Every structure is written in structure tokens, then in C-alpha cells.
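Take a look at the structure below.
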Amino acid sequence: MAHPPHETRFDRLRVLVHATSVGAESAVAAAIAATLRDERPVVLGLATGRTQVGVYRELVGRHARGEVSFRRATTFNLDEYWPLAPTHRGSFRRFMEERLFAHVDLPSGRGHVPDGEAEDAAVECARYESLLAAAGGVDLQLLGVGRNGHLGFNEPGSARTSRTRLVPLTASTRDANRADFAPDAVPERALTMGLGTILEARRIVALAVGDGKAESIERALRTPVTEEVPASLLRTHPDATLHLDAAAAARVL
Ligand code: GLP
């Protein structure tokens with residue numbers, strides 16, 4: 001039996017430190033699975049990034065074993081590069097299809113990702129917000145944390161009241177995601193749910209693993225809450241949990 005995670009709090013944010021990244025990923029998958037087991041429609045906010053690969057792998061495994069069903073779920077992803085075709089290997093739509101949607105029973109048309117091919121980004125962002133509102137808002141929002149403390153593609157300095165919109169990406173974010181693109185072809189912009197959109201989720205489950213995240217986690221937890229470190233805003237949410245492995249937590253314990 002694995003050790004129970006070390007639990008602490010930073011303001012309102014519950015922080016659980018697991019011994020290993022697999023432990024942290026399993027705990028996040030278990031939280032999502034528990035929400036899906038509720039006998040009612042559920043709206044999930046989903047995230048991409050290397051951090052979430054293990055979470056989706058575990059959910060796909062649970063589904064294959066008959067432990068979890070997405071049939072009552074509707075999902076909304078945080079973000080997508082713009083402009084970008086959904087078939088591009090860097091596309092978050094493609095990531096979701098390959099890592100999750102193709103392997104579970106989510107009804108077709110109920111896995112939403114901002115449209116990277118939309119001609120008019122502003123129209124697409126407004127459409128996404130109204131779709132989300134019509135679904136009743138997000139019950140559980142899954143989040144990763146960028147190396148610079150971003151949430152979704154809300155880079156440092158994003159307003160805490162921001163909504164889904166077109167944003168420029170920082171050099172650090174473009175660099176972190178370079179592997180998915182041809183040299184010099186990393187998109188410069190993206191569509192992202194805003195910090196206001198994200199923080200309206202009734203419950204947030206965030207995940208950060210590995211020593212590459214230790215510094216951004218330290219800033220998110222130790223600086224005064226500030227829009228300069230979007231992840232620090234998680235400390236203001238009434239029901240948010242941040243799962244870390246020991247490496248990501250190394251500078252805060
Ligand atoms: C990406 C995504 C974020 C993600 C973050 C971390 O650019 N837009 O939603 O949380 O950066 O990515 P990774 O998990 O690969 O470190």
C-alpha cells in the first residue's frame with residue numbers, strides 16, 4: 001500500500017504531496033472517476049500537456065475495466081493553438097482524440113475544444129463561452145501549471161476576470177511546447193478559457209509533477225496572490241486541490 005500523501009494548505013488551496021508522479025496522477029484520475037460515477041450529467045473541464053498523459057492513460061484503463069463511464073459527461077478543454085488544424089500533431093484537439101476521446105464512451109459531439117481553425121477568433125471565443133454557460137458551467141476543472149505559472153494559456157499578467165479569448169504566447173511557453181512543431185513553426189497565439197472562466201468551476205483539481213515545475217509551484221504558493229503568477233489564484237478558490245509529486249513540491253515543503 002502506498003503512503004498516504006502529505007496534506008497541507010496554502011490559503012484556501014488544499015495541497016497533496018505524493019511520493020511519486022504516478023501516485024499524483026492516479027489520485028487525479030481517481031478524483032475524476034469519482035465525479036463520473038455520480039448519477040447525473042457532469043461537465044468536466046479538461047487540460048492537455050505532458051502532465052496529463054498519465055491521468056488520461058489511467059482513465060482509459062479504468063474505462064476498459066468497466067469502472068468508469070463518460071456517457072453522461074460533457075467536456076470542455078481549456079485551450080487550443082490558433083490558427084492550427086485539428087489534425088496537426090501539436091493540436092490539443094488531436095491530443096484529446098488520441099489520449100482520451102477515441103478510447104472512452106463520451107458521446108460524439110460532447111468533447112469540446114476551442115476551434116483552432118475558426119476564421120474569427122473572437123466569434124469562436126464567444127461561442128465557446130455560451131456553449132459552456134448553456135451546459136451549466138464546469139463541475140470539475142482539471143488543470144496543469146505552466147513553467148511560468150500559467151493556467152491554460154493565461155500567461156503572467158492575465159486578468160483574474162478574463163474570459164475565453166485570443167492571447168499571445170510568451171517565448172517561454174512557445175519554447176516549452178516546441179517539440180510538437182517544426183522548427184520556427186510554434187504558433188504565436190492561442191484561444192484560451194480566461195482565468196475568470198476557470199475560477200468559476202465549482203471544483204478544481206490541479207496537477208504538477210517533476211522538478212521542472214518546482215520553481216513555478218514555489219512562486220504559485222509562496223508569493224502573495226497575484227495575476228503575475230496565474231497559478232497563485234488557485235489559493236482564492238473555495239474548492240481547489242493541487243496534487244504534486246515530491247519533485248514538484250521540493251521548494252515548498
Ligand atoms: C501547456 C497548456 C497548459 C498546460 C501547461 C503545462 O502549454 N496550455 O494547459 O497545463 O502548458 O504543460 P506540460 O504539462 O506539458 O508541462
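Letters A, B, ... mark the chains of the C-alpha cells in the order given; residue numbers begin at 1 per chain; ligand numbers begin at 1, in order shown.
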Next on the checklist: ligand 1: which residues are within 10 Å, counting only C-alpha atoms and all ligand atoms? Reply as a ChimeraX atom specification.
Outcome noted: /A:46-53,77-81,92,142-155,169,172-177,190-193,206-210,212-213
Next on the checklist: If we count only C-alpha atoms and set the cut-off at 6 Å, which residues sit around segment 198-203 of chain A, ignoring sequence neighbours fewer than 4 positions away in its own chain? Please answer as a PyMOL selection string.
Outcome noted: chain A and resi 138-140+239-240
Write to file, as a CSV table (one decimal), in the first residue's frame, the residues of the selection just made, with N, CA and C atoms.
chain,number,residue,atom,x,y,z
A,138,VAL,N,-18.7,24.4,-15.4
A,138,VAL,CA,-17.9,23.3,-15.1
A,138,VAL,C,-18.0,22.8,-13.7
A,139,ASP,N,-18.2,21.5,-13.6
A,139,ASP,CA,-18.3,20.8,-12.3
A,139,ASP,C,-16.9,20.6,-11.7
A,140,LEU,N,-16.1,20.0,-12.6
A,140,LEU,CA,-14.7,19.7,-12.1
A,140,LEU,C,-13.7,20.1,-13.2
A,239,ASP,N,-12.9,25.6,-3.6
A,239,ASP,CA,-12.8,24.1,-3.6
A,239,ASP,C,-11.7,23.7,-4.6
A,240,ALA,N,-10.5,24.0,-4.3
A,240,ALA,CA,-9.4,23.6,-5.3
A,240,ALA,C,-8.4,22.7,-4.5
Next on the checklist: If you run DSSP on the backbone here, which positions in segment 6-81 of chain A get helix (DSSP H, G or I)? Please write them as a VMD selection string.
Outcome noted: chain A and resid 21 to 36 50 to 64
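Counting only C-alpha atoms, the residue from A:His63, A:Arg165, A:Arg89, A:His18 that sits nearest to Pro114 of chain A is A:Arg165.
The neighbours of Gly90 of chain A here are the residues that come within 8 Å of it, using only C-alpha atoms and leaving out any residue fewer than 5 positions away in the same chain; they are Phe95, Asp180 and Phe181 of chain A.
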Resulting file, chosen residues, all heavy atoms, as a compact mmCIF listing (two decimals), in the first residue's frame:
# COMPACT_ATOMS: atom_id res chain seq x y z
N PHE A 95 -4.62 15.81 -29.56
CA PHE A 95 -4.16 15.23 -28.29
C PHE A 95 -5.33 14.55 -27.58
O PHE A 95 -5.23 13.40 -27.13
CB PHE A 95 -3.56 16.35 -27.42
CG PHE A 95 -3.09 15.93 -26.05
CD1 PHE A 95 -1.74 15.76 -25.78
CD2 PHE A 95 -4.00 15.72 -25.01
CE1 PHE A 95 -1.30 15.39 -24.50
CE2 PHE A 95 -3.58 15.34 -23.75
CZ PHE A 95 -2.22 15.18 -23.48
N ASP A 180 6.45 19.80 -30.41
CA ASP A 180 5.28 19.39 -31.20
C ASP A 180 5.20 20.08 -32.56
O ASP A 180 4.24 19.87 -33.29
CB ASP A 180 3.99 19.72 -30.42
CG ASP A 180 3.88 18.91 -29.16
OD1 ASP A 180 4.35 17.76 -29.16
OD2 ASP A 180 3.32 19.42 -28.17
N PHE A 181 6.18 20.92 -32.86
CA PHE A 181 6.10 21.71 -34.10
C PHE A 181 7.41 21.66 -34.87
O PHE A 181 8.47 21.39 -34.29
CB PHE A 181 5.75 23.17 -33.77
CG PHE A 181 4.38 23.29 -33.13
CD1 PHE A 181 4.24 23.25 -31.75
CD2 PHE A 181 3.25 23.41 -33.91
CE1 PHE A 181 2.99 23.32 -31.16
CE2 PHE A 181 1.99 23.49 -33.33
CZ PHE A 181 1.86 23.45 -31.95
Checklist entry - Could you pull out the strand (DSSP E) residues of segment 23-211 of chain A from DSSP and send them as a VMD selection string? => result chain A and resid 42 to 46 73 to 77 79 to 81 111 to 112 140 to 143 165 to 168 189 to 192 203 to 208
Checklist entry - If you count only C-alpha atoms, which residues fall within 8 Å of Leu100 of chain A, apart from same-chain ones fewer than 5 positions away, as JSON, numbers by chain? => result {"A": [56, 57, 59, 60]}
Item to check | Arg189 of chain A surroundings by only C-alpha atoms, 6 Å radius, close-in-sequence under 4 positions cut, as a PyMOL selection string | outcome: chain A and resi 82+167-169
Store the residues of this selection in a file with all heavy atoms, as a JSON list (two decimals), in the first residue's frame.
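again15.json was written with the following content:
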[["chain", "number", "residue", "atom", "x", "y", "z"],
["A", 82, "TRP", "N", -4.01, 28.80, -32.13],
["A", 82, "TRP", "CA", -4.76, 29.45, -33.22],
["A", 82, "TRP", "C", -3.82, 30.30, -34.06],
["A", 82, "TRP", "O", -3.06, 31.09, -33.48],
["A", 82, "TRP", "CB", -5.87, 30.33, -32.63],
["A", 82, "TRP", "CG", -6.78, 30.92, -33.68],
["A", 82, "TRP", "CD1", -7.90, 30.34, -34.19],
["A", 82, "TRP", "CD2", -6.62, 32.16, -34.36],
["A", 82, "TRP", "NE1", -8.46, 31.16, -35.13],
["A", 82, "TRP", "CE2", -7.68, 32.29, -35.27],
["A", 82, "TRP", "CE3", -5.66, 33.19, -34.31],
["A", 82, "TRP", "CZ2", -7.84, 33.39, -36.11],
["A", 82, "TRP", "CZ3", -5.81, 34.29, -35.16],
["A", 82, "TRP", "CH2", -6.89, 34.38, -36.03],
["A", 167, "VAL", "N", -5.03, 34.98, -27.22],
["A", 167, "VAL", "CA", -3.91, 35.54, -26.46],
["A", 167, "VAL", "C", -2.58, 35.30, -27.19],
["A", 167, "VAL", "O", -2.43, 34.30, -27.89],
["A", 167, "VAL", "CB", -3.80, 34.90, -25.05],
["A", 167, "VAL", "CG1", -4.98, 35.28, -24.18],
["A", 167, "VAL", "CG2", -3.67, 33.39, -25.15],
["A", 168, "PRO", "N", -1.60, 36.20, -27.00],
["A", 168, "PRO", "CA", -0.26, 35.92, -27.49],
["A", 168, "PRO", "C", 0.44, 34.97, -26.51],
["A", 168, "PRO", "O", 0.18, 35.04, -25.31],
["A", 168, "PRO", "CB", 0.42, 37.30, -27.49],
["A", 168, "PRO", "CG", -0.36, 38.12, -26.49],
["A", 168, "PRO", "CD", -1.73, 37.51, -26.36],
["A", 169, "LEU", "N", 1.30, 34.09, -27.03],
["A", 169, "LEU", "CA", 2.05, 33.17, -26.15],
["A", 169, "LEU", "C", 3.43, 33.75, -25.85],
["A", 169, "LEU", "O", 4.04, 34.38, -26.71],
["A", 169, "LEU", "CB", 2.19, 31.81, -26.83],
["A", 169, "LEU", "CG", 0.85, 31.12, -27.13],
["A", 169, "LEU", "CD1", 1.08, 29.82, -27.91],
["A", 169, "LEU", "CD2", 0.07, 30.86, -25.84]]
Item to check | Near-Ala247 of chain A list (12 Å; only C-alpha atoms; drop same-chain fewer than 3 positions) as an MDAnalysis selection string | outcome: chainID A and resid 17:21 24 208:215 217:218 243:244 250:253
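Put simply, atom CA of Thr75 of chain A is 11.6 Å away from atom CA of Gly136 of chain A.
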Checklist entry - Out of A:Glu129, A:Glu188, A:Glu58, A:Glu98, which residue has the shortest atom-to-atom distance to Glu25 of chain A when counting only C-alpha atoms? => result A:Glu58
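When only C-alpha atoms are used to measure the gap to Cys125 of chain A, the shortest distance among A:His103, A:Arg163, A:Arg65, A:Arg93 belongs to A:Arg163.
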Item to check | Distance query Ala31 of chain A at most 9 Å, only C-alpha atoms, self and fewer than 5 positions along chain excluded, as a VMD selection string | outcome: chain A and resid 26 36 205
Kindly save the residues from that selection, with N, CA and C atoms included, as a short mmCIF file (atom, residue, chain, number, x, y, z; two decimals), in the first residue's frame.
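Okay, part_35.cif is ready:
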data_model
loop_
_atom_site.label_atom_id
_atom_site.label_comp_id
_atom_site.auth_asym_id
_atom_site.auth_seq_id
_atom_site.Cartn_x
_atom_site.Cartn_y
_atom_site.Cartn_z
N SER A 26 -2.49 9.12 -10.39
CA SER A 26 -3.58 8.20 -10.02
C SER A 26 -4.61 8.89 -9.15
N LEU A 36 -17.35 11.14 -12.21
CA LEU A 36 -18.09 10.49 -13.30
C LEU A 36 -19.06 9.44 -12.79
N VAL A 205 -9.17 20.60 -9.79
CA VAL A 205 -8.13 19.63 -9.44
C VAL A 205 -6.94 19.92 -10.34
#
